[in-house]
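Note: the block below is coords11.cif and it holds mmCIF, C-alpha atoms.
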```cif
data_run
loop_
_atom_site.label_atom_id
_atom_site.label_comp_id
_atom_site.auth_asym_id
_atom_site.auth_seq_id
_atom_site.Cartn_x
_atom_site.Cartn_y
_atom_site.Cartn_z
CA MET A 56 3.89 -24.03 12.27
CA LYS A 57 0.46 -22.76 11.30
CA THR A 58 -0.39 -21.04 8.01
CA ILE A 59 -0.87 -17.30 7.37
CA GLY A 60 -3.49 -16.16 4.88
CA LEU A 61 -2.70 -12.78 3.30
CA ILE A 62 -5.18 -10.74 1.27
CA GLY A 63 -2.79 -8.86 -0.96
CA GLY A 64 -2.54 -6.86 -4.13
CA VAL A 65 -3.59 -3.72 -2.28
CA THR A 66 -0.93 -2.90 -3.41
CA TRP A 67 1.29 -5.62 -4.85
CA LEU A 68 4.35 -3.66 -3.70
CA SER A 69 3.42 -3.85 -0.04
CA THR A 70 2.33 -7.46 -0.55
CA ALA A 71 5.88 -8.24 -1.68
CA GLU A 72 7.13 -6.53 1.51
CA TYR A 73 4.76 -8.63 3.61
CA TYR A 74 5.98 -11.83 1.99
CA LYS A 75 9.61 -10.87 2.53
CA LEU A 76 9.05 -9.89 6.16
CA LEU A 77 7.01 -12.99 7.03
CA ASN A 78 9.75 -15.25 5.73
CA GLU A 79 12.57 -13.28 7.35
CA LEU A 80 10.81 -13.23 10.72
CA VAL A 81 10.14 -16.96 10.66
CA ASN A 82 13.71 -17.68 9.63
CA GLU A 83 15.10 -15.52 12.44
CA ARG A 84 13.13 -17.53 14.99
CA GLU A 85 13.27 -21.01 13.53
CA GLY A 86 16.74 -20.93 12.01
CA GLY A 87 18.21 -23.03 9.23
CA VAL A 88 16.38 -22.45 5.99
CA SER A 89 12.97 -22.18 7.65
CA SER A 90 10.38 -20.03 5.90
CA ALA A 91 6.78 -19.07 6.52
CA ARG A 92 3.71 -21.04 5.50
CA VAL A 93 1.81 -18.35 3.57
CA ILE A 94 -1.18 -18.40 1.24
CA ILE A 95 -1.67 -15.16 -0.70
CA TYR A 96 -4.90 -14.12 -2.41
CA SER A 97 -3.92 -11.14 -4.55
CA LEU A 98 -6.58 -8.69 -5.69
CA ASN A 99 -6.66 -6.19 -8.57
CA PHE A 100 -5.85 -2.86 -6.91
CA GLN A 101 -7.38 -0.83 -9.76
CA GLU A 102 -10.77 -2.34 -8.95
CA ILE A 103 -10.33 -1.69 -5.22
CA LYS A 104 -9.08 1.87 -5.79
CA THR A 105 -12.08 2.70 -8.00
CA LEU A 106 -14.52 1.32 -5.45
CA THR A 107 -12.75 3.11 -2.59
CA GLU A 108 -12.90 6.48 -4.34
CA ALA A 109 -16.58 5.87 -5.10
CA GLY A 110 -17.25 5.10 -1.43
CA ASP A 111 -18.62 1.67 -2.36
CA TRP A 112 -17.49 -0.13 0.78
CA ASP A 113 -20.29 -2.69 0.50
CA THR A 114 -18.80 -4.08 -2.72
CA ILE A 115 -15.29 -3.92 -1.25
CA SER A 116 -16.56 -5.90 1.73
CA VAL A 117 -18.01 -8.58 -0.54
CA ILE A 118 -14.67 -8.89 -2.37
CA MET A 119 -12.59 -9.00 0.82
CA CYS A 120 -14.89 -11.44 2.59
CA ASP A 121 -14.80 -13.75 -0.43
CA ALA A 122 -10.99 -13.60 -0.43
CA ALA A 123 -10.89 -14.39 3.29
CA ARG A 124 -13.21 -17.39 2.88
CA ARG A 125 -11.07 -18.72 0.03
CA LEU A 126 -7.95 -18.43 2.21
CA GLU A 127 -9.70 -20.20 5.06
CA ARG A 128 -10.80 -23.03 2.76
CA ALA A 129 -7.25 -23.29 1.45
CA GLY A 130 -5.97 -23.93 4.96
CA ALA A 131 -5.07 -20.56 6.44
CA ASP A 132 -5.09 -20.35 10.25
CA CYS A 133 -5.28 -16.54 10.41
CA ILE A 134 -6.00 -13.65 8.07
CA LEU A 135 -4.01 -10.51 7.27
CA LEU A 136 -5.59 -7.68 5.32
CA GLY A 137 -2.52 -6.30 3.57
CA ALA A 138 -3.62 -2.65 3.64
CA ASN A 139 -4.39 -0.27 6.49
CA THR A 140 -7.27 1.37 4.63
CA MET A 141 -9.02 -1.96 4.03
CA HIS A 142 -9.41 -2.33 7.79
CA LYS A 143 -12.48 -0.16 7.39
CA ILE A 144 -14.29 -3.44 6.67
CA ALA A 145 -12.21 -5.58 9.06
CA ASN A 146 -15.21 -6.43 11.23
CA ALA A 147 -17.12 -7.80 8.24
CA VAL A 148 -14.13 -9.90 7.19
CA GLN A 149 -13.75 -11.30 10.69
CA GLU A 150 -17.44 -12.22 10.77
CA ALA A 151 -17.06 -14.02 7.43
CA VAL A 152 -14.52 -16.55 8.72
CA ALA A 153 -13.94 -18.69 11.81
CA ILE A 154 -10.18 -18.02 11.92
CA PRO A 155 -8.78 -14.85 13.56
CA LEU A 156 -8.11 -11.66 11.66
CA VAL A 157 -4.99 -9.87 12.89
CA HIS A 158 -5.98 -6.19 13.10
CA VAL A 159 -3.18 -3.84 12.10
CA ALA A 160 -4.37 -0.92 14.26
CA VAL A 161 -4.60 -3.11 17.36
CA VAL A 162 -1.05 -4.41 17.02
CA THR A 163 0.17 -0.87 16.30
CA ALA A 164 -1.52 0.46 19.44
CA ASN A 165 0.15 -2.29 21.46
CA ALA A 166 3.56 -1.36 20.08
CA ILE A 167 3.06 2.32 20.93
CA LYS A 168 2.01 1.46 24.48
CA GLN A 169 5.13 -0.68 24.89
CA LYS A 170 7.17 2.43 24.01
CA GLN A 171 5.17 4.32 26.66
CA LEU A 172 4.27 7.11 24.25
CA GLN A 173 1.08 9.13 24.53
CA THR A 174 0.84 11.43 21.52
CA VAL A 175 1.58 10.08 18.05
CA ALA A 176 1.21 11.34 14.51
CA LEU A 177 -0.79 9.25 12.06
CA LEU A 178 0.07 9.18 8.35
CA GLY A 179 -1.84 7.17 5.77
CA THR A 180 -4.60 7.57 3.23
CA LYS A 181 -7.21 10.21 3.95
CA TYR A 182 -9.53 7.40 5.05
CA VAL A 183 -7.06 6.19 7.70
CA MET A 184 -6.24 9.69 8.91
CA GLN A 185 -9.73 11.17 8.98
CA GLN A 186 -12.24 8.38 9.50
CA ASP A 187 -12.99 6.66 12.80
CA PHE A 188 -12.51 2.99 11.87
CA TYR A 189 -8.73 3.13 12.35
CA ARG A 190 -8.36 6.00 14.80
CA ALA A 191 -10.85 4.46 17.23
CA LYS A 192 -8.69 1.36 17.73
CA LEU A 193 -5.80 3.58 18.79
CA GLU A 194 -7.85 5.99 20.87
CA GLU A 195 -9.42 3.05 22.73
CA GLN A 196 -5.93 2.49 24.16
CA GLY A 197 -5.81 6.07 25.45
CA LEU A 198 -3.56 7.39 22.69
CA THR A 199 -3.75 10.96 21.40
CA LEU A 200 -3.50 11.19 17.62
CA LEU A 201 -2.28 14.08 15.51
CA ILE A 202 -2.94 14.27 11.79
CA PRO A 203 -1.58 16.74 9.23
CA VAL A 204 -3.42 19.82 8.01
CA GLN A 205 -5.81 19.33 5.11
CA GLU A 206 -3.33 20.37 2.42
CA ASP A 207 -0.85 17.78 3.65
CA ILE A 208 -3.55 15.11 4.00
CA ASP A 209 -4.45 15.62 0.33
CA TYR A 210 -0.78 15.50 -0.68
CA ILE A 211 -0.12 12.26 1.20
CA ASN A 212 -3.29 10.61 -0.13
CA ASN A 213 -2.47 11.59 -3.71
CA ALA A 214 1.11 10.31 -3.39
CA ILE A 215 -0.11 6.95 -2.09
CA TYR A 216 -2.69 6.36 -4.81
CA THR A 217 -0.93 7.88 -7.84
CA GLU A 218 2.73 7.17 -7.13
CA PHE A 219 3.38 4.57 -4.43
CA ALA A 220 0.81 2.20 -5.95
CA LYS A 221 2.88 2.27 -9.16
CA GLY A 222 6.20 1.77 -7.37
CA ILE A 223 7.20 5.44 -7.72
CA PHE A 224 9.07 6.80 -4.69
CA MET A 225 10.63 10.17 -5.52
CA PRO A 226 13.20 12.04 -3.39
CA GLU A 227 11.10 15.22 -3.43
CA VAL A 228 8.11 13.28 -2.07
CA LYS A 229 10.26 11.86 0.69
CA HIS A 230 11.41 15.39 1.53
CA ARG A 231 7.80 16.64 1.69
CA PHE A 232 6.80 13.73 3.96
CA LEU A 233 9.68 14.56 6.31
CA LEU A 234 8.60 18.21 6.44
CA ILE A 235 5.08 17.08 7.32
CA ILE A 236 6.46 14.90 10.12
CA GLU A 237 8.57 17.79 11.44
CA ARG A 238 5.45 19.97 11.62
CA LEU A 239 3.66 17.24 13.55
CA ILE A 240 6.61 16.97 15.94
CA ALA A 241 6.31 20.72 16.53
CA ARG A 242 2.69 20.10 17.52
CA GLY A 243 3.73 17.50 20.08
CA ALA A 244 4.08 14.18 18.26
CA GLN A 245 6.33 11.77 20.18
CA GLY A 246 6.18 9.10 17.47
CA VAL A 247 4.74 8.61 14.00
CA ILE A 248 2.61 5.79 12.63
CA PHE A 249 3.28 4.78 9.05
CA GLY A 250 -0.39 3.88 8.62
CA CYS A 251 -0.05 2.88 4.98
CA THR A 252 1.84 -0.25 4.01
CA GLU A 253 3.74 1.62 1.27
CA ILE A 254 5.09 4.44 3.48
CA PRO A 255 7.82 2.18 4.99
CA ILE A 256 9.14 1.71 1.46
CA LEU A 257 9.63 5.50 1.26
CA LEU A 258 10.77 6.23 4.82
CA LYS A 259 12.80 4.37 7.44
CA GLN A 260 13.52 4.94 11.12
CA ASP A 261 16.87 6.51 10.27
CA ASP A 262 15.05 9.26 8.36
CA CYS A 263 13.10 10.42 11.41
CA SER A 264 14.07 11.98 14.72
CA ILE A 265 11.22 10.29 16.63
CA PRO A 266 10.19 6.62 16.87
CA VAL A 267 8.38 5.32 13.80
CA PHE A 268 5.80 2.57 13.82
CA ASP A 269 6.06 0.55 10.63
CA THR A 270 2.62 -1.04 10.43
CA THR A 271 3.70 -3.56 7.79
CA LEU A 272 6.44 -4.89 10.07
CA LEU A 273 4.24 -4.82 13.17
CA HIS A 274 1.41 -6.61 11.35
CA ALA A 275 3.73 -9.29 9.95
CA THR A 276 5.35 -9.79 13.36
CA ALA A 277 1.98 -10.28 15.04
CA ALA A 278 1.02 -12.91 12.46
CA VAL A 279 4.30 -14.77 12.96
CA ASP A 280 3.79 -14.63 16.73
CA MET A 281 0.41 -16.26 16.22
CA VAL A 282 1.47 -19.05 13.88
CA LEU A 283 4.57 -19.99 15.87
CA GLN A 284 2.77 -20.30 19.21
#
```
Whole structure given in structure tokens:
Amino acid sequence: MKTIGLIGGVTWLSTAEYYKLLNELVNEREGGVSSARVIIYSLNFQEIKTLTEAGDWDTISVIMCDAARRLERAGADCILLGANTMHKIANAVQEAVAIPLVHVAVVTANAIKQKQLQTVALLGTKYVMQQDFYRAKLEEQGLTLLIPVQEDIDYINNAIYTEFAKGIFMPEVKHRFLLIIERLIARGAQGVIFGCTEIPILLKQDDCSIPVFDTTLLHATAAVDMVLQ
């Protein structure tokens, strides 16, 4: 078994989900009391949040690339960026190391294609929903993406940064997210991407009437596939 390197802390809640999933997935495949070989480099999310809101992606890139190099030196065989939004600088991180970076949007696109869906809703931070770095990976695979109206984009982004990052998941927020998804279904969404690693803590497949794509699970599964080859 090879070793997974996870850049975490963005947020620590989703990092805990990654760790749990990686170990569960390895155990399902290997049996016994097998668990994953994982090295985690956990960052201070307050620092990353401040830089993100300031649009200082150059400094974020320096921090993420340094974390990736440290994981590589520690023995990691692949890299996971434990946040969808941080994939804005995924290319820089990949260039910083010789080991492969598992791109969350690429593995999500593959999962959607396997379901033979064409039009999917995308939920996440405003950066994921509105900027090209994430959407382009999906659209390259011929997928049509729907995003919420601006008012809902702002609501989702605020919930992620001010509540989910603190471990706050309120029933009324869940209700609002489900209303947003229903409006996207009315516009033609056949599935919905949980393009933020905290959204699967709030919502599950059973909450939705269309297929959901849990990017945390898909990302962790792709990493396990790689290290168990």
A:Asp132, A:Glu195, A:Glu253, A:Glu206 ranked by distance to Phe219 in chain A, top pick (using only C-alpha atoms):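 Nearest candidate to Phe219 in chain A out of A:Asp132, A:Glu195, A:Glu253, A:Glu206: A:Glu253.
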Distance of CA of Pro255 in chain A from CA of Phe224 in chain A, expressed in Å to one decimal place: 10.8 Å
Neighbour list for Gly197 in chain A as an MDAnalysis selection string, cut-off 10 Å, only C-alpha atoms, skip fewer than 5 positions in-chain: chainID A and resid 164 168 173:174 191:192
Env of Ile254 in chain A: 12 Å cut, atoms = all atoms listed in the file, seq-sep filter 3 positions within chain, self excluded. Answer as a PDB file with C-alpha atoms, keeping the file's coordinate frame.
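Contents of selection-v3.pdb, freshly written:
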```
ATOM      1  CA  THR A  66      -0.930  -2.900  -3.410  1.00  0.00           C
ATOM      2  CA  LEU A  68       4.350  -3.660  -3.700  1.00  0.00           C
ATOM      3  CA  SER A  69       3.420  -3.850  -0.040  1.00  0.00           C
ATOM      4  CA  GLU A  72       7.130  -6.530   1.510  1.00  0.00           C
ATOM      5  CA  ALA A 138      -3.620  -2.650   3.640  1.00  0.00           C
ATOM      6  CA  ASN A 139      -4.390  -0.270   6.490  1.00  0.00           C
ATOM      7  CA  LEU A 177      -0.790   9.250  12.060  1.00  0.00           C
ATOM      8  CA  LEU A 178       0.070   9.180   8.350  1.00  0.00           C
ATOM      9  CA  GLY A 179      -1.840   7.170   5.770  1.00  0.00           C
ATOM     10  CA  THR A 180      -4.600   7.570   3.230  1.00  0.00           C
ATOM     11  CA  ILE A 211      -0.120  12.260   1.200  1.00  0.00           C
ATOM     12  CA  ASN A 212      -3.290  10.610  -0.130  1.00  0.00           C
ATOM     13  CA  ALA A 214       1.110  10.310  -3.390  1.00  0.00           C
ATOM     14  CA  ILE A 215      -0.110   6.950  -2.090  1.00  0.00           C
ATOM     15  CA  TYR A 216      -2.690   6.360  -4.810  1.00  0.00           C
ATOM     16  CA  GLU A 218       2.730   7.170  -7.130  1.00  0.00           C
ATOM     17  CA  PHE A 219       3.380   4.570  -4.430  1.00  0.00           C
ATOM     18  CA  ALA A 220       0.810   2.200  -5.950  1.00  0.00           C
ATOM     19  CA  GLY A 222       6.200   1.770  -7.370  1.00  0.00           C
ATOM     20  CA  ILE A 223       7.200   5.440  -7.720  1.00  0.00           C
ATOM     21  CA  PHE A 224       9.070   6.800  -4.690  1.00  0.00           C
ATOM     22  CA  VAL A 228       8.110  13.280  -2.070  1.00  0.00           C
ATOM     23  CA  LYS A 229      10.260  11.860   0.690  1.00  0.00           C
ATOM     24  CA  PHE A 232       6.800  13.730   3.960  1.00  0.00           C
ATOM     25  CA  LEU A 233       9.680  14.560   6.310  1.00  0.00           C
ATOM     26  CA  VAL A 247       4.740   8.610  14.000  1.00  0.00           C
ATOM     27  CA  ILE A 248       2.610   5.790  12.630  1.00  0.00           C
ATOM     28  CA  PHE A 249       3.280   4.780   9.050  1.00  0.00           C
ATOM     29  CA  GLY A 250      -0.390   3.880   8.620  1.00  0.00           C
ATOM     30  CA  CYS A 251      -0.050   2.880   4.980  1.00  0.00           C
ATOM     31  CA  LEU A 257       9.630   5.500   1.260  1.00  0.00           C
ATOM     32  CA  LEU A 258      10.770   6.230   4.820  1.00  0.00           C
ATOM     33  CA  LYS A 259      12.800   4.370   7.440  1.00  0.00           C
ATOM     34  CA  GLN A 260      13.520   4.940  11.120  1.00  0.00           C
ATOM     35  CA  VAL A 267       8.380   5.320  13.800  1.00  0.00           C
ATOM     36  CA  PHE A 268       5.800   2.570  13.820  1.00  0.00           C
ATOM     37  CA  ASP A 269       6.060   0.550  10.630  1.00  0.00           C
ATOM     38  CA  THR A 270       2.620  -1.040  10.430  1.00  0.00           C
ATOM     39  CA  THR A 271       3.700  -3.560   7.790  1.00  0.00           C
ATOM     40  CA  LEU A 272       6.440  -4.890  10.070  1.00  0.00           C
TER      41      LEU A 272
END
```
Closest of A:Tyr73, A:Gln101, A:Asp262, A:Arg92 to Leu136 in chain A - atom-to-atom distances counting all atoms listed in the file: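 For Leu136 in chain A, the nearest of the candidates is A:Tyr73.
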Name the residues within 10 Å of (2.4, -9.2, 17.6), counting only C-alpha atoms in the file's coordinates, and put them as a CSV table (one decimal) with C-alpha atoms, in the frame of the given file.
```csv
chain,number,residue,atom,x,y,z
A,157,VAL,CA,-5.0,-9.9,12.9
A,158,HIS,CA,-6.0,-6.2,13.1
A,159,VAL,CA,-3.2,-3.8,12.1
A,161,VAL,CA,-4.6,-3.1,17.4
A,162,VAL,CA,-1.0,-4.4,17.0
A,163,THR,CA,0.2,-0.9,16.3
A,165,ASN,CA,0.2,-2.3,21.5
A,166,ALA,CA,3.6,-1.4,20.1
A,272,LEU,CA,6.4,-4.9,10.1
A,273,LEU,CA,4.2,-4.8,13.2
A,274,HIS,CA,1.4,-6.6,11.4
A,275,ALA,CA,3.7,-9.3,10.0
A,276,THR,CA,5.4,-9.8,13.4
A,277,ALA,CA,2.0,-10.3,15.0
A,278,ALA,CA,1.0,-12.9,12.5
A,279,VAL,CA,4.3,-14.8,13.0
A,280,ASP,CA,3.8,-14.6,16.7
A,281,MET,CA,0.4,-16.3,16.2
```
12 Å contact set for Ala241 in chain A, only C-alpha atoms, chain neighbours under 5 positions out, as a list in words: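 Once the nearby chain positions are removed, what remains is Thr174, Val175, Ala176, Leu201, Pro203, Leu234, Ile235, Ile236, Gly246, Ser264 and Ile265 of chain A.
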Length of the CA of Lys143 in chain A to CA of Phe188 in chain A vector [Å]: 5.5 Å
Residue contacts of Ile154 in chain A (12 Å, all atoms listed in the file) excluding same-chain residues fewer than 4 positions away, as an MDAnalysis selection string: chainID A and resid 57:60 123:128 130:135 148:150 281:282
Interatomic distance, CA of Ile95 in chain A to CA of Ile62 in chain A (Å, one decimal):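 Result for CA of Ile95 in chain A versus CA of Ile62 in chain A: 6.0 Å, one decimal.
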What box, with edges along x, y and z, holds each listed atom of range 130-142 of chain A when 4 Å is added on every side, and can you state its centre and edge lengths in Å to one decimal, as lines of an AutoDock Vina configuration file?
```
center_x = -6.0
center_y = -11.3
center_z = 7.0
size_x = 14.9
size_y = 33.3
size_z = 14.8
```
Hits of the PyMOL selection byres ((chain A and resi 103) around 10) in this structure, as a VMD selection string: chain A and resid 64 to 66 98 to 102 104 to 109 111 to 112 114 to 115 118 to 119 141
Nearest to Lys221 in chain A, chosen from A:Met56, A:Asp261, A:Gly243, A:Trp67, with all atoms listed in the file counted in the distances: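 Residue with the minimum atom-to-atom distance to Lys221 in chain A: A:Trp67.
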Who sits within 6 Å of Asn78 in chain A, only C-alpha atoms, same chain under 2 positions skipped, as a list in words: Lys75, Leu76, Leu80, Val81, Ser90 and Ala91 of chain A
